[in-house]
Amino acid sequence: MHKLLLQRLLLLIPTLLLVSIAVFGMVRAVPGDVISILLAEQKLAGNEREELAAKLGLDKPIVIQYVDWVSGVVRGDLGESLFTGHPVREDISEKFKVTAFLAILATIISLVIAIPIGAIAALRQGSILDYFSRSFALLGISLPNFWVGVAIIMYGSLWFRYAPPLRYASVESDPLLLARQLFLPALVLGWSMAGVVMRMVRTALLEVLRDDYIRTARAKGLRERVILWRHAMKNAMIPVITISGIQLAALFGGTVVIESVFNIPGVGRLLVESVALRDYPVVQGIALVMTVLVLLVNLAVDISYRYLDPRIRLS
Amino acid sequence: MSRGTNYWERVLRYQASRRRTLAMGAAAAGAAAISFACGSSSDSSSNDNGGSSDGQPKSGGTLSVPAIPFVAVLDPHQASQPNVLAIWHNVSHKLVEVDEDLRITDEGAAQSWEQADDVTLIFKLHDGITFQDVDPANGRAFTADDVVYSLERIKTPEARFARRTQFEQIERIEAVDDKTVRLTLKEPYAPILMYLGSMYNMLVCPEAVEKYGSLERPESNVGIGPFILKEYNKESHATLVKNPNYWREGLPYLDGIEITVFADAAPRHAALRAGQLHFSTEEIRYVQDVLRGNPNLTQTETYLGGLMYEFGMNQKTFEPFADLRVRKAIHLVIDRDEMVAAKWGARENGLLAAPVPPPLQPYGLTEEELYEIPGYRKPKDEDIAEAKKLMEAAGYPDGFKVEAKTADQYLPDIEPLIPVLREHLKIDIDLNVLEWGAFKQAEATGETLAFGTGYLVEPEPDATLRLLHHSAGSRNYVGFADPEADRMIEAQAREYDEEARAQLTKEAARYLIDQVAHAWHGGAVTNYRVIQPNVHGVVTPTANFYDRQDYTRVWIG
C-alpha cells in the first residue's frame, strides 16, 4: 500500500510539470498583457513600458521566466502578484480553504440526498416513489445551479427579507458562521450533484440486488435492511464514490458562478479576476494547486476502492 | 423621490431634476472654478438623504456598505480604478476636499489657501492634525513636510504613478513652516486646486511608505482620517474602526464601517432588502426591483456624471479617418438619443456626451446648447443628407469597410451605430468583441482602426480636454492632433477667472466637435441612492463624478 502511494505520488511530478508548462504558456498566449491593464488608462511615453516590464521581470526570455517560476515553486514560493506584490501563496491559500469547504459541504449534501433516495428508488422500482425520486434527480441535473441560486437569493429576500449572512468569516475564526454562509450555495450545488449520484446509486443497486450472493443472503433469511446496507450497498458504492470523487474534483475549479451569485470569496472568483487582469503568477499558482488537489482526490478515490472491495488490487 | 411613483411621474420628475442639475451646476459647480479665494466653508452643502434629519446626530453603530471588487491596487497614488477609495476616503484626507457640488472645501488638511501671485499658492493647515495612533505613525503630529512628501510622491516620474501628469505644472512644493505649504507653478494653471482635491491624491504617511516599501499592504494604509483600516481582504471585505484620536472633535459618529465586496448585483440587492446593507447606489433600471422587497428604503436621484462613450476613429492607422469630411459624416449620422436609449434603457435615463460632459457646469455645453449643433440636432434628415455629400466629396460614395474593436462591456454602446453607418453611409463595420484585457492592450498600443469605448473622467474640464483631445493627451487613442485645439486647451488651463475660463472651455468644446476629434455619443447615467431610513448624513451629489465615500458625518438613528 505504501509502495503504491509512493508510486502514485511520484507520478504527480511529470503531470505537474506538464500542467505547469501548459498553464505558463497558455496564460501568456491570451491576447492582452498585464502592463496595459496595470496602467489601464495611460499612454506611456518613451520606454516606460519597457521599464515597467523590466521591473516586473517580464522582459526576460520566456524560458528564463518559466525556470525562475518553477525553481520558486519547488521551494514553495509561488511568486508575487504583479498587481499587489503580495505573495501568491498567501493570496490563494485562504480562498482555497473557502472553496474546499464549499466543495466538501456540497459533496456531503449530495450524498446525504442521493444515497437514501437512490436506495428507495431501487428498492421500490416502478413505484410512485421511484418516479418521484427520478424526477427530483432529473430536475437537479436540468436546472442550472446559478439560476436556482439567483432564484433563492431573489425570492428569499423579496418574500422573507432573508439573505445569507453578509459578513465573511474564515475557516479558522468562525467555521460555524462560514458554514451558515455556505449552506445555501452548498445546497444548490449538492442538489445538482445529487441528481447524477442518485441515478448512479439506483442503477448500481438494482444490478447488485440481482446478484447471486444477494439471493443467497435472502435464502439464509437475513433481514432486507441488513442485506441492503451490509451487503448490497457496499458493492454499489464503487461507481458512486468514483462519480462523487470526479464531482468533488470538478468543484475545486467549477464553483465560480455560484461563488459570484452567493458572494463567496473563493478561489474560482480569484481565478477569473486574475485571468482578466493577466496576473500571471496568481493564475499559474491556482492552476497548479488545483491540479494537485484533483490528482489527490483521484488518488483518494482509488484507495477507497480497496476498502470497499478487497478483491480490487491497486497496481 | 417618494416610493410608489409610476413611470411617467418618474420621467417628469427626472426632467425637472435634469434641469436642476444643469442649473445647479452653473451656480454651484462653477464655484469649483479655481477662484483662489480663501478657504471656503464646508457646512452649507450637506443634504441628509436618510429620512428625517431633525434629531441630533447619534454616536455608535457600524455602517454596512457595498463595494465592487477591489481588483485594483490599494495604493491610491498608483490606483487606476476608484474602488479602493471607499477605504482611503475614510482613512485619510487630501490637501483640500471637493464637495458634492464640486466646490473646493476646507474638509481636507488645509484650513485656508491664498494666491500670492499667478504661480504661487500658499496653504495653511488645520490646527492639531495628527496621524492615526497605529504603527508606524503612532499618532504623531501631521506637518507641512508630510504634505510635501505626499505631493512629491504623486509626482514620481514612474509609469505606475498614474496621476503624475496632474502635477506636471508644479515647479516646487515647499514646507514654509510646520503649518504652511507653498506651491510654485511653472505657469498659471487653473485646474491645480481641483487636482489637489482629486479622489486619488491622498495624503499618506511617509514612515508607512518607507517601512513597507509601498502602500499595497493594508497595514501601510495609515492616514489622518476618521477611520482606521483594521482588516482588508481584496475579494471579500474591508473593516474600518473609529479613530478615537481624530482631530475634528466629536467626529466621526460611527464606531466603524463594514465594506462588503459584491461581484454580482443579485446578492447586493438581496442584502439591501434584508436590511444587511445600510445603503447602495443603483442604476435606475434596478431601483424598482430593489424597492419591491423593502418599501421602507428611501431613494435619492443622482448622476454618474463623468461617463463618456465614443465611437473612436483612429486617424493615424486608417486613412479615411484622417479626412475630416469622413469623420464629420459619421458624426452627423449618429442618432445620440437612440444611442443613450439603447445604453440605458430609455433616453431620459442618461445624458449626452461631449468634449466636456454636460453636467460639468459652467464649463461644458448644456444639452440644450448641444442640440443646436449639427450632429446633435434633431431631426436628423438635414444632417444625414449633408453626411452623404461629405462622403461623396471625400471620395467614398460607396462607403468602405473597417475593422472595429470593442470590449464586451462596451458592446451595447457601439452596436446600435453599426446599422446606422451601413444604412446612411455604406460603411461596413467588422466588429471584433474582445475580452477587456485584450481590448485595453489593443487600445493602448494603437492597434485599432476603429473602436467603441468609454471613459470615467474627473470633474475638471482640463481632464477631459487635455487627456482625450490634446495631441499629447495620454488617453488620446484616436491620434487627433490639431495645433489650434492644443492652443485652446492650453489657454483655458491658464485662465483663473471662472467666467472667462468657461467661455474658453465652451469654445474649445465647439471646435473639437466641429473637428470631430472623437465621435462622442452617450454619457452620464441616472442612478439612485437607496438608503435605509435610519441612516442619516449620507451625502448624495446631484452630479456624482465619483462616489466620495466619506462617512465622517454619517450616523445611524
# chains A, B, ... in the order shown; residues from 1 in each chain; ligands from 1
>>> residues_around(residues="Glu168 of chain B", least_positions_apart="6", cutoff="12 Å", atoms="only C-alpha atoms", output="VMD selection string")
chain B and resid 151 to 152 154 to 157 162 184 to 187 189 191 to 192 195
>>> write_last_selection(atoms="C-alpha atoms", output="compact mmCIF listing (two decimals), in the first residue's frame")
# COMPACT_ATOMS: atom_id res chain seq x y z
CA LEU B 151 2.58 65.51 -3.31
CA GLU B 152 6.14 64.71 -4.35
CA ILE B 154 2.27 61.60 -6.56
CA LYS B 155 4.69 63.36 -8.93
CA THR B 156 7.09 60.39 -9.02
CA PRO B 157 8.23 60.12 -12.67
CA ALA B 162 -0.88 57.43 -12.75
CA THR B 184 5.07 77.23 -7.03
CA LEU B 185 3.70 76.60 -10.50
CA LYS B 186 5.62 76.71 -13.78
CA GLU B 187 2.88 78.87 -15.26
CA TYR B 189 -2.64 76.68 -14.01
CA PRO B 191 -7.03 73.17 -12.55
CA ILE B 192 -4.49 72.80 -9.74
CA TYR B 195 -6.43 68.19 -8.89
>>> residues_around(residues="Ala86 of chain B", least_positions_apart="2", cutoff="12 Å", atoms="only C-alpha atoms", output="PyMOL selection string")
chain B and resi 64-70+74+76+81-84+88-92+199-200+227+229+232+237-240+257-261+546-551
>>> interface_residues(of="chain A", to="chain B", cutoff="7 Å", atoms="only C-alpha atoms", output="mmCIF file with N, CA and C atoms, in the first residue's frame")
data_model
loop_
_atom_site.group_PDB
_atom_site.id
_atom_site.type_symbol
_atom_site.label_atom_id
_atom_site.label_comp_id
_atom_site.auth_asym_id
_atom_site.auth_seq_id
_atom_site.Cartn_x
_atom_site.Cartn_y
_atom_site.Cartn_z
ATOM 1 N N PRO A 31 -4.485 37.035 -25.739
ATOM 2 C CA PRO A 31 -4.243 38.439 -26.113
ATOM 3 C C PRO A 31 -4.422 39.374 -24.906
ATOM 4 N N GLY A 32 -3.675 40.443 -24.903
ATOM 5 C CA GLY A 32 -3.740 41.383 -23.769
ATOM 6 C C GLY A 32 -2.587 41.093 -22.839
ATOM 7 N N ASP A 33 -2.024 42.147 -22.262
ATOM 8 C CA ASP A 33 -0.908 41.921 -21.345
ATOM 9 C C ASP A 33 -1.112 42.708 -20.071
ATOM 10 N N SER A 36 -0.580 46.700 -19.981
ATOM 11 C CA SER A 36 -1.691 47.532 -20.493
ATOM 12 C C SER A 36 -2.784 47.658 -19.447
ATOM 13 N N ILE A 37 -3.036 46.551 -18.735
ATOM 14 C CA ILE A 37 -4.113 46.576 -17.751
ATOM 15 C C ILE A 37 -3.680 47.325 -16.498
ATOM 16 N N LEU A 39 -1.718 49.722 -16.265
ATOM 17 C CA LEU A 39 -1.684 51.168 -16.482
ATOM 18 C C LEU A 39 -2.927 51.622 -17.243
ATOM 19 N N ALA A 40 -4.011 50.868 -16.968
ATOM 20 C CA ALA A 40 -5.290 50.969 -17.667
ATOM 21 C C ALA A 40 -5.447 52.137 -18.635
ATOM 22 N N GLU A 41 -5.421 53.341 -18.141
ATOM 23 C CA GLU A 41 -5.830 54.454 -18.994
ATOM 24 C C GLU A 41 -4.675 55.344 -19.415
ATOM 25 N N GLN A 42 -3.466 54.834 -19.368
ATOM 26 C CA GLN A 42 -2.350 55.714 -19.693
ATOM 27 C C GLN A 42 -1.690 55.354 -21.011
ATOM 28 N N LYS A 43 -1.312 56.385 -21.729
ATOM 29 C CA LYS A 43 -0.494 56.144 -22.907
ATOM 30 C C LYS A 43 0.927 56.430 -22.440
ATOM 31 N N GLU A 48 8.793 53.792 -21.105
ATOM 32 C CA GLU A 48 8.169 53.492 -19.803
ATOM 33 C C GLU A 48 7.609 52.074 -19.769
ATOM 34 N N PHE A 83 0.113 42.703 -9.572
ATOM 35 C CA PHE A 83 -0.674 43.889 -9.237
ATOM 36 C C PHE A 83 -0.379 44.394 -7.839
ATOM 37 N N THR A 84 -0.438 43.478 -6.886
ATOM 38 C CA THR A 84 -0.366 43.931 -5.499
ATOM 39 C C THR A 84 0.999 43.679 -4.878
ATOM 40 N N VAL A 150 -29.779 32.215 -7.949
ATOM 41 C CA VAL A 150 -30.348 33.565 -8.093
ATOM 42 C C VAL A 150 -31.796 33.567 -7.605
ATOM 43 N N ILE A 153 -31.839 33.520 -3.803
ATOM 44 C CA ILE A 153 -31.414 34.826 -3.288
ATOM 45 C C ILE A 153 -32.530 35.856 -3.476
ATOM 46 N N MET A 154 -33.088 35.880 -4.691
ATOM 47 C CA MET A 154 -34.066 36.919 -5.004
ATOM 48 C C MET A 154 -35.365 36.717 -4.229
ATOM 49 N N SER A 157 -35.162 37.110 -0.416
ATOM 50 C CA SER A 157 -35.159 38.486 0.086
ATOM 51 C C SER A 157 -36.479 39.197 -0.197
ATOM 52 N N LEU A 158 -37.131 38.849 -1.324
ATOM 53 C CA LEU A 158 -38.397 39.513 -1.660
ATOM 54 C C LEU A 158 -39.530 39.055 -0.745
ATOM 55 N N ARG A 161 -37.478 38.632 3.277
ATOM 56 C CA ARG A 161 -36.395 39.562 3.643
ATOM 57 C C ARG A 161 -35.209 38.810 4.228
ATOM 58 N N TYR A 162 -34.917 37.681 3.593
ATOM 59 C CA TYR A 162 -33.790 36.889 4.053
ATOM 60 C C TYR A 162 -32.658 36.953 3.025
ATOM 61 N N ALA A 163 -31.463 37.082 3.512
ATOM 62 C CA ALA A 163 -30.280 36.955 2.660
ATOM 63 C C ALA A 163 -29.239 36.190 3.470
ATOM 64 N N LEU A 166 -23.945 38.190 5.614
ATOM 65 C CA LEU A 166 -23.113 39.055 4.775
ATOM 66 C C LEU A 166 -21.651 38.951 5.150
ATOM 67 N N TYR A 168 -18.251 37.868 6.010
ATOM 68 C CA TYR A 168 -17.454 36.705 5.683
ATOM 69 C C TYR A 168 -16.605 36.288 6.879
ATOM 70 N N SER A 260 -20.024 33.747 -7.279
ATOM 71 C CA SER A 260 -20.451 35.112 -7.604
ATOM 72 C C SER A 260 -21.884 35.351 -7.153
ATOM 73 N N VAL A 261 -22.751 34.375 -7.412
ATOM 74 C CA VAL A 261 -24.164 34.535 -7.070
ATOM 75 C C VAL A 261 -24.335 34.703 -5.563
ATOM 76 N N PHE A 262 -23.603 33.924 -4.787
ATOM 77 C CA PHE A 262 -23.754 33.988 -3.333
ATOM 78 C C PHE A 262 -22.681 34.851 -2.662
ATOM 79 N N ASN A 263 -21.897 35.535 -3.482
ATOM 80 C CA ASN A 263 -20.897 36.449 -2.954
ATOM 81 C C ASN A 263 -19.896 35.766 -2.017
ATOM 82 N N PRO A 265 -16.053 34.652 -1.386
ATOM 83 C CA PRO A 265 -14.707 34.953 -1.892
ATOM 84 C C PRO A 265 -13.863 33.691 -2.028
ATOM 85 N N ALA A 276 -8.579 37.916 -15.911
ATOM 86 C CA ALA A 276 -8.970 39.198 -16.518
ATOM 87 C C ALA A 276 -7.851 40.227 -16.376
ATOM 88 N N LEU A 277 -7.135 40.170 -15.253
ATOM 89 C CA LEU A 277 -6.062 41.145 -15.017
ATOM 90 C C LEU A 277 -4.721 40.692 -15.595
#
>>> closest_residue(among="A:Leu177, A:Ala22, A:Leu58, A:Leu105", to="Thr291 of chain A", atoms="only C-alpha atoms")
A:Ala22
>>> residues_around(residues="Gly268 of chain A", least_positions_apart="3", cutoff="6 Å", atoms="only C-alpha atoms", output="list in words")
Gly253, Thr255, Val256 and Leu271 of chain A
>>> residues_around(residues="Val63 of chain A", least_positions_apart="4", cutoff="12 Å", atoms="only C-alpha atoms", output="number ranges by chain")
A: 21, 24-25, 58-59, 67-70
>>> residues_around(residues="segment 519-521 of chain B", least_positions_apart="5", cutoff="8 Å", atoms="only C-alpha atoms", output="ChimeraX atom specification")
/B:308-313,327,330-331,334,336,339-340,352-355,513
>>> write_last_selection(atoms="N, CA and C atoms", output="PDB file, in the first residue's frame")
ATOM      1  N   MET B 308     -18.421  58.928 -20.348  1.00  0.00           N
ATOM      2  CA  MET B 308     -18.420  59.386 -21.734  1.00  0.00           C
ATOM      3  C   MET B 308     -18.157  58.192 -22.637  1.00  0.00           C
ATOM      4  N   TYR B 309     -18.970  58.044 -23.672  1.00  0.00           N
ATOM      5  CA  TYR B 309     -18.779  56.940 -24.617  1.00  0.00           C
ATOM      6  C   TYR B 309     -18.530  57.489 -26.011  1.00  0.00           C
ATOM      7  N   GLU B 310     -17.655  56.810 -26.745  1.00  0.00           N
ATOM      8  CA  GLU B 310     -17.339  57.309 -28.085  1.00  0.00           C
ATOM      9  C   GLU B 310     -17.236  56.176 -29.097  1.00  0.00           C
ATOM     10  N   PHE B 311     -17.421  56.549 -30.358  1.00  0.00           N
ATOM     11  CA  PHE B 311     -17.006  55.694 -31.459  1.00  0.00           C
ATOM     12  C   PHE B 311     -15.656  56.248 -31.885  1.00  0.00           C
ATOM     13  N   GLY B 312     -14.595  55.525 -31.567  1.00  0.00           N
ATOM     14  CA  GLY B 312     -13.243  56.022 -31.814  1.00  0.00           C
ATOM     15  C   GLY B 312     -12.819  55.784 -33.258  1.00  0.00           C
ATOM     16  N   MET B 313     -12.305  56.831 -33.880  1.00  0.00           N
ATOM     17  CA  MET B 313     -11.821  56.720 -35.266  1.00  0.00           C
ATOM     18  C   MET B 313     -10.326  57.035 -35.246  1.00  0.00           C
ATOM     19  N   ARG B 327     -14.927  61.882 -41.021  1.00  0.00           N
ATOM     20  CA  ARG B 327     -15.239  61.918 -39.579  1.00  0.00           C
ATOM     21  C   ARG B 327     -16.524  62.709 -39.346  1.00  0.00           C
ATOM     22  N   ILE B 330     -19.648  60.774 -40.276  1.00  0.00           N
ATOM     23  CA  ILE B 330     -20.007  59.794 -39.232  1.00  0.00           C
ATOM     24  C   ILE B 330     -20.635  60.518 -38.039  1.00  0.00           C
ATOM     25  N   HIS B 331     -20.009  61.627 -37.654  1.00  0.00           N
ATOM     26  CA  HIS B 331     -20.536  62.423 -36.534  1.00  0.00           C
ATOM     27  C   HIS B 331     -21.985  62.854 -36.812  1.00  0.00           C
ATOM     28  N   ILE B 334     -24.873  59.987 -36.480  1.00  0.00           N
ATOM     29  CA  ILE B 334     -25.114  59.330 -35.186  1.00  0.00           C
ATOM     30  C   ILE B 334     -26.368  59.916 -34.538  1.00  0.00           C
ATOM     31  N   ARG B 336     -27.835  60.339 -31.352  1.00  0.00           N
ATOM     32  CA  ARG B 336     -27.381  60.212 -29.964  1.00  0.00           C
ATOM     33  C   ARG B 336     -28.509  59.860 -29.003  1.00  0.00           C
ATOM     34  N   MET B 339     -28.788  56.256 -29.145  1.00  0.00           N
ATOM     35  CA  MET B 339     -27.629  55.606 -28.501  1.00  0.00           C
ATOM     36  C   MET B 339     -27.804  55.599 -26.982  1.00  0.00           C
ATOM     37  N   VAL B 340     -28.236  56.726 -26.439  1.00  0.00           N
ATOM     38  CA  VAL B 340     -28.444  56.807 -24.984  1.00  0.00           C
ATOM     39  C   VAL B 340     -29.546  55.838 -24.562  1.00  0.00           C
ATOM     40  N   LEU B 352     -26.254  63.191 -22.823  1.00  0.00           N
ATOM     41  CA  LEU B 352     -25.379  63.152 -23.989  1.00  0.00           C
ATOM     42  C   LEU B 352     -23.924  63.322 -23.553  1.00  0.00           C
ATOM     43  N   ALA B 353     -23.034  62.894 -24.415  1.00  0.00           N
ATOM     44  CA  ALA B 353     -21.610  63.123 -24.137  1.00  0.00           C
ATOM     45  C   ALA B 353     -21.078  64.195 -25.088  1.00  0.00           C
ATOM     46  N   ALA B 354     -20.066  64.919 -24.629  1.00  0.00           N
ATOM     47  CA  ALA B 354     -19.444  65.984 -25.425  1.00  0.00           C
ATOM     48  C   ALA B 354     -18.014  66.137 -24.917  1.00  0.00           C
ATOM     49  N   PRO B 355     -17.174  66.945 -25.577  1.00  0.00           N
ATOM     50  CA  PRO B 355     -15.778  67.053 -25.118  1.00  0.00           C
ATOM     51  C   PRO B 355     -15.649  67.425 -23.640  1.00  0.00           C
ATOM     52  N   ILE B 513     -15.828  69.526 -31.402  1.00  0.00           N
ATOM     53  CA  ILE B 513     -16.974  68.839 -32.033  1.00  0.00           C
ATOM     54  C   ILE B 513     -16.918  69.072 -33.542  1.00  0.00           C
TER      55      ILE B 513
END
>>> atom_distance(atom1="atom CA of Asp177 of chain B", atom2="atom CA of Trp113 of chain B")
14.6 Å
>>> atom_distance(atom1="atom CA of Thr99 of chain A", atom2="atom CA of Phe160 of chain A")
27.7 Å
>>> select_by_dssp(residues="segment 76-194 of chain B", states="strand (DSSP E)", output="VMD selection string")
chain B and resid 97 to 98 104 to 105 110 to 117 120 to 125 170 to 177 180 to 185
